[in-house]
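Okay, data_27.cif now, which holds mmCIF, C-alpha atoms:
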data_work
loop_
_atom_site.group_PDB
_atom_site.id
_atom_site.type_symbol
_atom_site.label_atom_id
_atom_site.label_comp_id
_atom_site.auth_asym_id
_atom_site.auth_seq_id
_atom_site.Cartn_x
_atom_site.Cartn_y
_atom_site.Cartn_z
ATOM 1 C CA MET H 744 95.244 115.694 92.387
ATOM 2 C CA ALA H 745 96.393 112.329 91.140
ATOM 3 C CA SER H 746 97.259 112.930 87.513
ATOM 4 C CA PHE H 747 99.207 110.761 85.086
ATOM 5 C CA SER H 748 99.484 110.897 81.259
ATOM 6 C CA SER H 749 97.959 107.942 79.400
ATOM 7 C CA GLN H 750 100.091 105.740 77.157
ATOM 8 C CA SER H 751 97.253 103.736 75.636
ATOM 9 C CA VAL H 752 93.501 103.298 75.631
ATOM 10 C CA LEU H 753 93.868 100.036 77.511
ATOM 11 C CA LYS H 754 95.955 101.613 80.209
ATOM 12 C CA LEU H 755 93.533 104.517 80.419
ATOM 13 C CA PHE H 756 90.741 102.075 81.186
ATOM 14 C CA ILE H 757 92.423 100.795 84.315
ATOM 15 C CA ILE H 758 92.360 104.234 85.827
ATOM 16 C CA ILE H 759 88.744 104.920 85.232
ATOM 17 C CA SER H 760 87.971 101.523 86.696
ATOM 18 C CA ILE H 761 89.564 102.044 90.069
ATOM 19 C CA VAL H 762 89.348 104.362 93.009
ATOM 20 C CA GLN H 763 91.058 107.610 93.678
ATOM 21 C CA ILE H 764 93.876 107.277 96.105
ATOM 22 C CA SER H 765 95.526 110.635 96.513
ATOM 23 C CA LEU H 766 95.208 113.522 98.918
ATOM 24 C CA ALA H 767 93.044 115.147 96.276
ATOM 25 C CA ALA H 768 91.689 113.069 93.398
ATOM 26 C CA ARG H 769 92.637 110.971 90.427
ATOM 27 C CA LYS H 770 92.368 112.265 86.878
ATOM 28 C CA LEU H 771 91.045 110.419 83.857
ATOM 29 C CA ASN H 772 94.424 110.551 82.139
ATOM 30 C CA GLU H 773 96.338 108.695 84.842
ATOM 31 C CA LEU H 774 99.223 106.543 83.673
ATOM 32 C CA VAL H 775 99.366 102.942 84.765
ATOM 33 C CA GLN H 776 103.017 102.091 85.194
ATOM 34 C CA ASP H 777 104.311 98.974 83.435
ATOM 35 C CA GLN H 778 106.412 98.230 86.530
ATOM 36 C CA PRO H 779 105.495 99.355 90.054
ATOM 37 C CA GLN H 780 107.634 102.233 91.224
ATOM 38 C CA LEU H 781 109.391 102.331 94.546
ATOM 39 C CA LEU H 782 107.361 104.334 97.037
ATOM 40 C CA SER H 783 109.720 106.693 98.822
ATOM 41 C CA TYR H 784 109.413 107.773 102.433
ATOM 42 C CA HIS H 785 109.262 111.549 102.812
ATOM 43 C CA ASN H 786 110.039 111.625 106.538
ATOM 44 C CA GLY H 787 106.580 112.596 107.701
ATOM 45 C CA PRO H 788 104.648 111.039 110.591
ATOM 46 C CA LEU H 789 102.550 107.922 110.121
ATOM 47 C CA LEU H 790 99.459 107.121 112.132
ATOM 48 C CA SER H 791 100.322 104.974 115.103
ATOM 49 C CA GLY H 792 98.815 103.450 118.212
ATOM 50 C CA LYS H 793 95.100 102.753 118.565
ATOM 51 C CA ILE H 794 93.108 104.617 115.933
ATOM 52 C CA SER H 795 89.311 104.748 115.816
ATOM 53 C CA VAL H 796 87.639 104.775 112.420
ATOM 54 C CA ASN H 797 84.534 106.936 112.827
ATOM 55 C CA LEU H 798 81.827 106.686 110.178
ATOM 56 C CA ILE H 799 79.768 109.768 109.263
ATOM 57 C CA TRP H 800 76.798 108.711 107.135
ATOM 58 C CA TYR H 801 75.429 111.618 105.091
ATOM 59 C CA GLY H 802 72.137 110.927 103.344
ATOM 60 C CA LYS H 803 69.950 107.876 103.305
ATOM 61 C CA PHE H 804 71.523 104.475 103.848
ATOM 62 C CA LYS H 805 69.638 101.344 104.839
ATOM 63 C CA PRO H 806 70.851 99.583 108.000
ATOM 64 C CA SER H 807 71.862 96.625 105.816
ATOM 65 C CA GLN H 808 74.032 98.951 103.720
ATOM 66 C CA ARG H 809 75.704 100.485 106.746
ATOM 67 C CA ALA H 810 76.446 96.979 108.057
ATOM 68 C CA ILE H 811 78.495 96.149 104.933
ATOM 69 C CA ILE H 812 80.874 99.013 105.705
ATOM 70 C CA SER H 813 80.965 98.640 109.493
ATOM 71 C CA ASP H 814 81.656 94.900 109.191
ATOM 72 C CA PHE H 815 84.534 95.724 106.854
ATOM 73 C CA ILE H 816 86.062 98.099 109.415
ATOM 74 C CA THR H 817 85.790 95.577 112.258
ATOM 75 C CA SER H 818 87.307 92.947 109.957
ATOM 76 C CA LEU H 819 90.531 94.954 109.619
ATOM 77 C CA SER H 820 91.684 94.022 113.098
ATOM 78 C CA SER H 821 89.600 90.920 113.711
ATOM 79 C CA SER H 822 91.364 87.943 115.255
ATOM 80 C CA SER H 823 88.389 85.633 114.757
ATOM 81 C CA GLN H 824 88.617 85.279 110.978
ATOM 82 C CA ASN H 825 89.381 81.600 110.523
ATOM 83 C CA SER H 826 88.779 81.605 106.784
ATOM 84 C CA GLN H 827 91.682 82.772 104.663
ATOM 85 C CA PRO H 828 92.500 84.988 102.894
ATOM 86 C CA SER H 829 91.012 87.559 105.254
ATOM 87 C CA VAL H 830 90.495 91.309 105.462
ATOM 88 C CA ALA H 831 92.846 91.310 108.458
ATOM 89 C CA SER H 832 95.625 89.624 106.452
ATOM 90 C CA TRP H 833 95.139 92.239 103.702
ATOM 91 C CA TRP H 834 95.448 95.078 106.223
ATOM 92 C CA LYS H 835 98.508 93.477 107.789
ATOM 93 C CA LYS H 836 100.369 94.156 104.547
ATOM 94 C CA THR H 837 100.457 97.841 105.478
ATOM 95 C CA GLU H 838 102.827 96.863 108.295
ATOM 96 C CA GLU H 839 105.558 96.484 105.675
ATOM 97 C CA TYR H 840 105.677 100.287 105.537
ATOM 98 C CA TYR H 841 105.942 100.569 109.301
ATOM 99 C CA ASN H 842 108.740 97.997 109.330
ATOM 100 C CA LEU H 843 110.762 100.318 107.086
ATOM 101 C CA ASN H 844 110.271 103.244 109.450
ATOM 102 C CA SER H 845 113.064 103.598 112.008
ATOM 103 C CA LYS H 846 110.557 104.485 114.706
ATOM 104 C CA ARG H 847 108.930 101.068 114.333
ATOM 105 C CA ALA H 848 105.503 102.521 115.083
ATOM 106 C CA ARG H 849 102.456 100.271 114.946
ATOM 107 C CA LEU H 850 98.893 100.995 113.924
ATOM 108 C CA SER H 851 95.789 99.316 115.319
ATOM 109 C CA VAL H 852 92.391 100.345 113.919
ATOM 110 C CA THR H 853 88.960 99.753 115.439
ATOM 111 C CA LEU H 854 85.439 100.793 114.596
ATOM 112 C CA GLY H 855 84.620 104.003 116.476
ATOM 113 C CA LYS H 856 81.469 106.084 116.546
ATOM 114 C CA GLN H 857 78.863 106.190 113.813
ATOM 115 C CA ILE H 858 77.004 109.420 113.069
ATOM 116 C CA VAL H 859 73.899 109.060 110.907
ATOM 117 C CA ASP H 860 72.540 112.231 109.281
ATOM 118 C CA GLU H 861 69.638 111.612 106.910
ATOM 119 C CA THR H 862 68.365 115.218 106.845
ATOM 120 C CA TYR H 863 70.867 116.631 104.282
ATOM 121 C CA PRO H 864 71.650 119.771 106.369
ATOM 122 C CA LEU H 865 74.273 120.861 103.822
ATOM 123 C CA GLY H 866 72.097 119.974 100.834
ATOM 124 C CA LYS H 867 72.657 117.331 98.182
ATOM 125 C CA SER H 868 75.445 119.102 96.324
ATOM 126 C CA LEU H 869 78.632 119.223 98.400
ATOM 127 C CA THR H 870 81.983 120.958 98.036
ATOM 128 C CA ASN H 871 85.331 119.907 99.468
ATOM 129 C CA LYS H 872 84.756 122.405 102.270
ATOM 130 C CA HIS H 873 81.517 120.596 103.133
ATOM 131 C CA ILE H 874 83.359 117.277 103.282
ATOM 132 C CA VAL H 875 85.858 118.658 105.799
ATOM 133 C CA GLU H 876 82.983 120.157 107.799
ATOM 134 C CA LEU H 877 81.278 116.771 107.964
ATOM 135 C CA ALA H 878 84.526 114.987 108.786
ATOM 136 C CA SER H 879 85.048 117.391 111.688
ATOM 137 C CA LYS H 880 81.927 116.029 113.383
ATOM 138 C CA GLY H 881 83.752 112.874 114.417
ATOM 139 C CA ASP H 882 86.241 112.594 117.261
ATOM 140 C CA GLN H 883 89.474 114.051 115.967
ATOM 141 C CA MET H 884 92.112 112.710 118.320
ATOM 142 C CA ASN H 885 93.577 109.311 117.408
ATOM 143 C CA ALA H 886 90.969 108.882 114.694
ATOM 144 C CA ILE H 887 90.262 108.624 110.991
ATOM 145 C CA ASN H 888 86.924 110.227 110.187
ATOM 146 C CA VAL H 889 85.206 108.683 107.175
ATOM 147 C CA VAL H 890 82.433 110.593 105.405
ATOM 148 C CA LEU H 891 80.148 108.366 103.325
ATOM 149 C CA THR H 892 77.654 110.103 101.015
ATOM 150 C CA SER H 893 74.522 108.408 99.704
ATOM 151 C CA SER H 894 73.742 107.768 96.046
ATOM 152 C CA ASP H 895 71.598 110.911 95.724
ATOM 153 C CA VAL H 896 74.376 113.249 96.890
ATOM 154 C CA SER H 897 76.784 114.868 94.442
ATOM 155 C CA VAL H 898 80.253 116.042 95.467
ATOM 156 C CA ASP H 899 82.646 118.259 93.518
ATOM 157 C CA GLY H 900 84.546 116.028 91.088
ATOM 158 C CA PHE H 901 82.553 112.905 91.967
ATOM 159 C CA CYS H 902 82.148 110.684 88.903
ATOM 160 C CA LEU H 903 84.141 113.172 86.830
ATOM 161 C CA ASN H 904 87.635 112.589 88.145
ATOM 162 C CA ARG H 905 87.314 110.910 91.527
ATOM 163 C CA CYS H 906 85.357 108.357 93.545
ATOM 164 C CA GLY H 907 86.639 109.494 96.923
ATOM 165 C CA THR H 908 89.499 111.279 98.605
ATOM 166 C CA HIS H 909 91.677 111.310 101.687
ATOM 167 C CA GLY H 910 93.478 114.158 103.360
ATOM 168 C CA SER H 911 93.949 116.004 106.626
ATOM 169 C CA ALA H 912 92.456 119.076 108.255
ATOM 170 C CA SER H 913 93.167 121.282 111.254
ATOM 171 C CA GLY H 914 91.672 120.043 114.492
ATOM 172 C CA SER H 915 89.261 122.005 116.637
ATOM 173 C CA LYS H 916 90.308 124.030 119.680
ATOM 174 C CA ALA H 917 88.745 121.483 121.995
ATOM 175 C CA GLY H 918 91.209 118.907 120.817
ATOM 176 C CA HIS H 919 94.366 120.998 121.005
ATOM 177 C CA ILE H 920 97.096 119.575 123.161
ATOM 178 C CA LYS H 921 98.960 122.144 125.257
ATOM 179 C CA GLY H 922 97.909 124.881 122.878
ATOM 180 C CA LYS H 923 99.537 123.239 119.865
ATOM 181 C CA ASN H 924 97.741 122.901 116.568
ATOM 182 C CA TYR H 925 97.305 119.453 115.104
ATOM 183 C CA LYS H 926 95.759 117.775 112.099
ATOM 184 C CA PHE H 927 93.356 114.874 111.851
ATOM 185 C CA ALA H 928 93.003 112.454 108.959
ATOM 186 C CA TYR H 929 89.782 112.089 107.023
ATOM 187 C CA ILE H 930 88.360 110.135 104.100
ATOM 188 C CA TRP H 931 85.369 110.703 101.853
ATOM 189 C CA VAL H 932 83.768 108.014 99.670
ATOM 190 C CA GLY H 933 80.601 108.382 97.588
ATOM 191 C CA ASN H 934 78.004 105.782 96.652
ATOM 192 C CA SER H 935 78.169 105.600 92.862
ATOM 193 C CA GLU H 936 75.280 103.148 92.390
ATOM 194 C CA THR H 937 73.086 105.529 90.381
ATOM 195 C CA GLN H 938 75.564 108.206 89.320
ATOM 196 C CA CYS H 939 78.544 106.341 87.843
ATOM 197 C CA PRO H 940 78.794 102.633 88.710
ATOM 198 C CA GLY H 941 80.786 102.024 85.529
ATOM 199 C CA TYR H 942 83.397 104.450 86.784
ATOM 200 C CA CYS H 943 83.552 103.970 90.560
ATOM 201 C CA ALA H 944 82.094 100.481 91.074
ATOM 202 C CA TRP H 945 84.031 98.488 88.475
ATOM 203 C CA PRO H 946 84.465 95.503 88.302
ATOM 204 C CA PHE H 947 80.885 95.088 89.592
ATOM 205 C CA HIS H 948 79.449 97.095 86.703
ATOM 206 C CA GLN H 949 80.093 97.373 82.982
ATOM 207 C CA PRO H 950 82.922 99.901 82.540
ATOM 208 C CA ILE H 951 82.359 103.265 80.898
ATOM 209 C CA TYR H 952 85.432 102.904 78.702
ATOM 210 C CA GLY H 953 87.882 100.239 77.640
ATOM 211 C CA PRO H 954 87.429 96.483 77.226
ATOM 212 C CA GLN H 955 83.813 95.538 77.885
ATOM 213 C CA SER H 956 84.211 92.433 79.997
ATOM 214 C CA GLN H 957 81.275 90.948 81.864
ATOM 215 C CA PRO H 958 80.829 92.609 85.273
ATOM 216 C CA LEU H 959 81.438 90.504 88.359
ATOM 217 C CA VAL H 960 78.744 89.619 90.869
ATOM 218 C CA ALA H 961 79.158 91.817 93.965
ATOM 219 C CA PRO H 962 79.947 89.757 97.101
ATOM 220 C CA ASN H 963 77.386 91.591 99.264
ATOM 221 C CA ASN H 964 74.848 91.823 96.451
ATOM 222 C CA ASN H 965 75.078 95.619 96.370
ATOM 223 C CA VAL H 966 77.023 97.189 93.511
ATOM 224 C CA GLY H 967 77.127 100.626 95.124
ATOM 225 C CA LEU H 968 78.243 99.510 98.587
ATOM 226 C CA ASP H 969 80.651 96.834 97.376
ATOM 227 C CA GLY H 970 82.187 99.513 95.170
ATOM 228 C CA MET H 971 82.430 101.794 98.203
ATOM 229 C CA VAL H 972 84.336 99.082 100.063
ATOM 230 C CA ILE H 973 86.963 98.954 97.293
ATOM 231 C CA ASN H 974 87.314 102.731 97.359
ATOM 232 C CA LEU H 975 87.373 102.901 101.147
ATOM 233 C CA ALA H 976 89.961 100.118 101.392
ATOM 234 C CA THR H 977 92.191 101.924 98.921
ATOM 235 C CA LEU H 978 91.911 105.208 100.768
ATOM 236 C CA LEU H 979 92.472 103.612 104.169
ATOM 237 C CA ALA H 980 95.723 102.112 102.888
ATOM 238 C CA GLY H 981 96.725 105.530 101.577
ATOM 239 C CA THR H 982 95.800 107.189 104.867
ATOM 240 C CA ALA H 983 97.793 104.698 106.935
ATOM 241 C CA THR H 984 100.945 105.048 104.840
ATOM 242 C CA ASN H 985 100.652 108.711 103.791
ATOM 243 C CA PRO H 986 98.265 110.447 106.213
ATOM 244 C CA PHE H 987 99.558 114.008 105.960
ATOM 245 C CA GLY H 988 101.107 114.144 102.496
ATOM 246 C CA ASN H 989 104.684 113.430 103.591
ATOM 247 C CA GLY H 990 104.665 109.683 104.195
ATOM 248 C CA TYR H 991 105.171 106.951 101.596
ATOM 249 C CA PHE H 992 104.379 107.874 98.009
ATOM 250 C CA GLN H 993 105.884 108.210 94.564
ATOM 251 C CA GLY H 994 105.707 111.188 92.252
ATOM 252 C CA PRO H 995 104.570 114.745 92.986
ATOM 253 C CA LYS H 996 102.971 115.425 96.353
ATOM 254 C CA GLU H 997 99.884 116.808 94.619
ATOM 255 C CA ALA H 998 99.438 113.620 92.584
ATOM 256 C CA PRO H 999 100.994 110.783 94.567
ATOM 257 C CA LEU H 1000 101.028 107.099 93.841
ATOM 258 C CA GLU H 1001 100.285 105.412 97.162
ATOM 259 C CA ALA H 1002 100.056 101.921 98.606
ATOM 260 C CA ALA H 1003 97.060 100.864 96.505
ATOM 261 C CA SER H 1004 97.138 103.357 93.621
ATOM 262 C CA ALA H 1005 100.558 101.979 92.687
ATOM 263 C CA CYS H 1006 98.714 98.779 91.694
ATOM 264 C CA PRO H 1007 95.710 100.109 89.729
ATOM 265 C CA GLY H 1008 93.000 97.684 88.637
ATOM 266 C CA VAL H 1009 94.700 94.666 90.239
ATOM 267 C CA TYR H 1010 92.700 92.420 92.581
ATOM 268 C CA GLY H 1011 94.098 88.980 91.866
ATOM 269 C CA LYS H 1012 96.956 87.285 90.065
ATOM 270 C CA GLY H 1013 96.934 87.551 86.289
ATOM 271 C CA ALA H 1014 95.099 90.892 86.222
ATOM 272 C CA TYR H 1015 95.248 92.964 83.040
ATOM 273 C CA PRO H 1016 93.218 95.875 81.625
ATOM 274 C CA GLY H 1017 89.565 94.908 81.816
ATOM 275 C CA TYR H 1018 90.271 91.819 83.928
ATOM 276 C CA ALA H 1019 90.453 92.074 87.722
ATOM 277 C CA GLY H 1020 92.514 88.902 88.091
ATOM 278 C CA ASP H 1021 91.931 85.324 89.217
ATOM 279 C CA LEU H 1022 89.500 85.622 92.130
ATOM 280 C CA LEU H 1023 87.596 83.349 94.471
ATOM 281 C CA VAL H 1024 83.979 82.674 93.516
ATOM 282 C CA ASP H 1025 81.148 81.896 95.916
ATOM 283 C CA SER H 1026 79.642 78.581 94.803
ATOM 284 C CA THR H 1027 76.144 79.632 95.885
ATOM 285 C CA THR H 1028 75.878 83.231 94.703
ATOM 286 C CA GLY H 1029 78.510 83.327 91.977
ATOM 287 C CA ALA H 1030 79.988 86.433 93.599
ATOM 288 C CA SER H 1031 83.686 87.223 93.155
ATOM 289 C CA TYR H 1032 85.826 88.105 96.155
ATOM 290 C CA ASN H 1033 89.329 87.812 97.574
ATOM 291 C CA ALA H 1034 88.890 88.306 101.329
ATOM 292 C CA HIS H 1035 86.768 86.919 104.162
ATOM 293 C CA GLY H 1036 85.448 89.299 106.798
ATOM 294 C CA ASP H 1037 83.467 89.321 110.021
ATOM 295 C CA ASN H 1038 79.902 87.982 110.187
ATOM 296 C CA GLY H 1039 80.459 85.739 107.183
ATOM 297 C CA ARG H 1040 81.114 88.689 104.864
ATOM 298 C CA LYS H 1041 83.143 88.467 101.686
ATOM 299 C CA TYR H 1042 84.884 91.452 100.110
ATOM 300 C CA LEU H 1043 86.911 92.387 97.045
ATOM 301 C CA LEU H 1044 90.003 94.389 98.038
ATOM 302 C CA PRO H 1045 92.700 96.050 95.906
ATOM 303 C CA ALA H 1046 96.264 94.807 95.621
ATOM 304 C CA LEU H 1047 98.818 96.651 97.756
ATOM 305 C CA TYR H 1048 102.316 97.610 96.783
ATOM 306 C CA ASP H 1049 104.765 95.649 98.914
ATOM 307 C CA PRO H 1050 107.882 97.772 99.578
ATOM 308 C CA SER H 1051 109.845 94.715 100.674
ATOM 309 C CA THR H 1052 109.473 93.071 97.245
ATOM 310 C CA SER H 1053 108.846 96.149 95.058
ATOM 311 C CA ALA H 1054 105.828 94.379 93.600
ATOM 312 C CA CYS H 1055 102.050 94.434 93.859
ATOM 313 C CA SER H 1056 100.828 91.909 96.398
ATOM 314 C CA THR H 1057 97.457 90.201 96.032
ATOM 315 C CA LEU H 1058 95.578 87.958 98.440
ATOM 316 C CA VAL H 1059 94.786 85.385 95.748
#

In structure tokens, how does this file's structure come out?
Amino acid sequence: MASFSSQSVLKLFIIISIVQISLAARKLNELVQDQPQLLSYHNGPLLSGKISVNLIWYGKFKPSQRAIISDFITSLSSSSQNSQPSVASWWKKTEEYYNLNSKRARLSVTLGKQIVDETYPLGKSLTNKHIVELASKGDQMNAINVVLTSSDVSVDGFCLNRCGTHGSASGSKAGHIKGKNYKFAYIWVGNSETQCPGYCAWPFHQPIYGPQSQPLVAPNNNVGLDGMVINLATLLAGTATNPFGNGYFQGPKEAPLEAASACPGVYGKGAYPGYAGDLLVDSTTGASYNAHGDNGRKYLLPALYDPSTSACSTLV
């Protein structure tokens, strides 16, 4: 689990305001580093080639809510985004990690299958084992399976010490290649709209702790889903650069700092505890954002650690 000791109340606030990025989960006492640390490569494989992002919707989501997430996924590799900065340009920053890898692998992500399950077959209180079970429902070869739980579903650790997680699990027999075992990457993100928006949907909601700045207007007018986009974006960056726990990270393997968690609470230039940074503002809605997406969408995405400059890189 991501765990860091706090140096101050202000620094503690940043952690509880951002998403979990590790293979397990962040802790409330995470330390925000004064200077970004170099993320080391641990010689493990990175995801490469064409990867499908499959969405497994568990619980009740409106079609309009599902569209916010699916449009974000298609925006990652979109070539039709004329407005800048874009989601695609944000995702392109992960290539810096691939450029450092001697194998020069490349990753291309596309929206895959969507599985909608509104019947709660595993109940409304899920364990980590349940999350892996749900993630296994998606295609496992050349894929990242993303489990998204609705606002009425609780998950172990959700709202207490994590907003989501990413990891890997053993693939099914049907997907074995020449009898060899393999692992597939998965992500889980919860909708915190009613359970803990001040913890997992900041800066779109008043924070639970720390400086009480005015919350920002969510770009898609949905605090829960716009918060999920931030968490999902963070975890996707972590999955791309550290899919199996031996890629790029800093610190202990059980509590790694990854591509986005190395820049906690930073969304724009000038960010500091309680302030997300200088962002773009929609003149009509007043919503804050830093990236344009497909279908006229706007999103707020976390800063990524740039290994070529050893600094956090923002879109604005």

| message | Which residues would end up in the selection if the PyMOL selection byres ((chain H and resi 811-822) around 7) were applied here, given that I need the answer as number ranges by chain? | response | H: 807-810, 823-824, 830-831, 834, 852-854, 972, 1036-1037

What does the file look like for those residues with C-alpha atoms, as an mmCIF file, keeping the file's coordinate frame?
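Done, and the output landed in result04.cif:
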data_model
loop_
_atom_site.group_PDB
_atom_site.id
_atom_site.type_symbol
_atom_site.label_atom_id
_atom_site.label_comp_id
_atom_site.auth_asym_id
_atom_site.auth_seq_id
_atom_site.Cartn_x
_atom_site.Cartn_y
_atom_site.Cartn_z
ATOM 1 C CA SER H 807 71.862 96.625 105.816
ATOM 2 C CA GLN H 808 74.032 98.951 103.720
ATOM 3 C CA ARG H 809 75.704 100.485 106.746
ATOM 4 C CA ALA H 810 76.446 96.979 108.057
ATOM 5 C CA SER H 823 88.389 85.633 114.757
ATOM 6 C CA GLN H 824 88.617 85.279 110.978
ATOM 7 C CA VAL H 830 90.495 91.309 105.462
ATOM 8 C CA ALA H 831 92.846 91.310 108.458
ATOM 9 C CA TRP H 834 95.448 95.078 106.223
ATOM 10 C CA VAL H 852 92.391 100.345 113.919
ATOM 11 C CA THR H 853 88.960 99.753 115.439
ATOM 12 C CA LEU H 854 85.439 100.793 114.596
ATOM 13 C CA VAL H 972 84.336 99.082 100.063
ATOM 14 C CA GLY H 1036 85.448 89.299 106.798
ATOM 15 C CA ASP H 1037 83.467 89.321 110.021
#

| request: Would you mind reading off the distance between atom CA of Asn904 of chain H and atom CA of Thr870 of chain H, one decimal, in Å? | output: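 Value for the atom CA of Asn904 of chain H-atom CA of Thr870 of chain H distance: 14.1 Å.
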
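Residues in contact with Ser956 of chain H at 9 Å, where only C-alpha atoms are counted and same-chain residues fewer than 4 positions away are skipped, are listed as Pro946, Gln949, Pro950, Gly1017 and Tyr1018 of chain H.
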
If you take only C-alpha atoms and a cut-off of 10 Å, which residues of segment 852-959 of chain H touch segment 788-797 of chain H, and what are their nearest atom pairs and distances in Å to one decimal, in chain and number order, as a tab-separated table?
residue	atom	partner	partner_atom	distance
H:Val852	CA	H:Ile794	CA	4.8
H:Thr853	CA	H:Ser795	CA	5.0
H:Leu854	CA	H:Val796	CA	5.0
H:Gly855	CA	H:Asn797	CA	4.7
H:Lys856	CA	H:Asn797	CA	4.9
H:Gln857	CA	H:Asn797	CA	5.8
H:Ile858	CA	H:Asn797	CA	7.9
H:Ala878	CA	H:Asn797	CA	9.0
H:Lys880	CA	H:Asn797	CA	9.5
H:Gly881	CA	H:Asn797	CA	6.2
H:Asp882	CA	H:Asn797	CA	7.4
H:Gln883	CA	H:Asn797	CA	9.2
H:Met884	CA	H:Ile794	CA	8.5
H:Asn885	CA	H:Ile794	CA	4.9
H:Ala886	CA	H:Ser795	CA	4.6
H:Ile887	CA	H:Val796	CA	4.9
H:Asn888	CA	H:Asn797	CA	4.8
H:Val889	CA	H:Asn797	CA	6.0
H:Val890	CA	H:Asn797	CA	8.5
H:Phe927	CA	H:Leu790	CA	9.9
H:Ala928	CA	H:Leu790	CA	9.0
H:Tyr929	CA	H:Val796	CA	9.3
H:Ile930	CA	H:Val796	CA	9.9

| request: Around the point (82.6, 114.0, 97.4), in the coordinates given by the file, pick out the residues reaching within 9 Å, counting only C-alpha atoms, and return them as an MDAnalysis selection string. | output: chainID H and resid 868:871 873:874 890:892 896:901 905:908 931:933

How about completing segment 790-804 of chain H with N, CA and C atoms and giving it to me as a PDB file, in the coordinates of the input?
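Just written: part24.pdb:
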ATOM      1  N   LEU H 790     100.397 107.351 111.039  1.00  0.00           N
ATOM      2  CA  LEU H 790      99.459 107.121 112.132  1.00  0.00           C
ATOM      3  C   LEU H 790      99.974 105.955 112.968  1.00  0.00           C
ATOM      4  N   SER H 791      99.829 106.051 114.259  1.00  0.00           N
ATOM      5  CA  SER H 791     100.322 104.974 115.103  1.00  0.00           C
ATOM      6  C   SER H 791      99.448 104.832 116.334  1.00  0.00           C
ATOM      7  N   GLY H 792      99.609 103.711 117.026  1.00  0.00           N
ATOM      8  CA  GLY H 792      98.815 103.450 118.212  1.00  0.00           C
ATOM      9  C   GLY H 792      97.416 102.982 117.854  1.00  0.00           C
ATOM     10  N   LYS H 793      96.485 103.158 118.779  1.00  0.00           N
ATOM     11  CA  LYS H 793      95.100 102.753 118.565  1.00  0.00           C
ATOM     12  C   LYS H 793      94.319 103.887 117.904  1.00  0.00           C
ATOM     13  N   ILE H 794      93.831 103.619 116.712  1.00  0.00           N
ATOM     14  CA  ILE H 794      93.108 104.617 115.933  1.00  0.00           C
ATOM     15  C   ILE H 794      91.669 104.164 115.726  1.00  0.00           C
ATOM     16  N   SER H 795      90.730 105.041 116.040  1.00  0.00           N
ATOM     17  CA  SER H 795      89.311 104.748 115.816  1.00  0.00           C
ATOM     18  C   SER H 795      88.902 105.230 114.428  1.00  0.00           C
ATOM     19  N   VAL H 796      88.194 104.392 113.718  1.00  0.00           N
ATOM     20  CA  VAL H 796      87.639 104.775 112.420  1.00  0.00           C
ATOM     21  C   VAL H 796      86.180 105.146 112.649  1.00  0.00           C
ATOM     22  N   ASN H 797      85.894 106.439 112.606  1.00  0.00           N
ATOM     23  CA  ASN H 797      84.534 106.936 112.827  1.00  0.00           C
ATOM     24  C   ASN H 797      83.822 107.097 111.494  1.00  0.00           C
ATOM     25  N   LEU H 798      82.597 106.641 111.415  1.00  0.00           N
ATOM     26  CA  LEU H 798      81.827 106.686 110.178  1.00  0.00           C
ATOM     27  C   LEU H 798      80.762 107.766 110.273  1.00  0.00           C
ATOM     28  N   ILE H 799      80.785 108.713 109.328  1.00  0.00           N
ATOM     29  CA  ILE H 799      79.768 109.768 109.263  1.00  0.00           C
ATOM     30  C   ILE H 799      78.923 109.512 108.023  1.00  0.00           C
ATOM     31  N   TRP H 800      77.702 109.065 108.225  1.00  0.00           N
ATOM     32  CA  TRP H 800      76.798 108.711 107.135  1.00  0.00           C
ATOM     33  C   TRP H 800      75.967 109.937 106.762  1.00  0.00           C
ATOM     34  N   TYR H 801      76.162 110.434 105.543  1.00  0.00           N
ATOM     35  CA  TYR H 801      75.429 111.618 105.091  1.00  0.00           C
ATOM     36  C   TYR H 801      74.449 111.215 103.990  1.00  0.00           C
ATOM     37  N   GLY H 802      73.164 111.356 104.288  1.00  0.00           N
ATOM     38  CA  GLY H 802      72.137 110.927 103.344  1.00  0.00           C
ATOM     39  C   GLY H 802      71.501 109.627 103.800  1.00  0.00           C
ATOM     40  N   LYS H 803      70.737 109.055 102.927  1.00  0.00           N
ATOM     41  CA  LYS H 803      69.950 107.876 103.305  1.00  0.00           C
ATOM     42  C   LYS H 803      70.677 106.584 102.954  1.00  0.00           C
ATOM     43  N   PHE H 804      70.960 105.807 103.988  1.00  0.00           N
ATOM     44  CA  PHE H 804      71.523 104.475 103.848  1.00  0.00           C
ATOM     45  C   PHE H 804      70.659 103.516 104.664  1.00  0.00           C
TER      46      PHE H 804
END
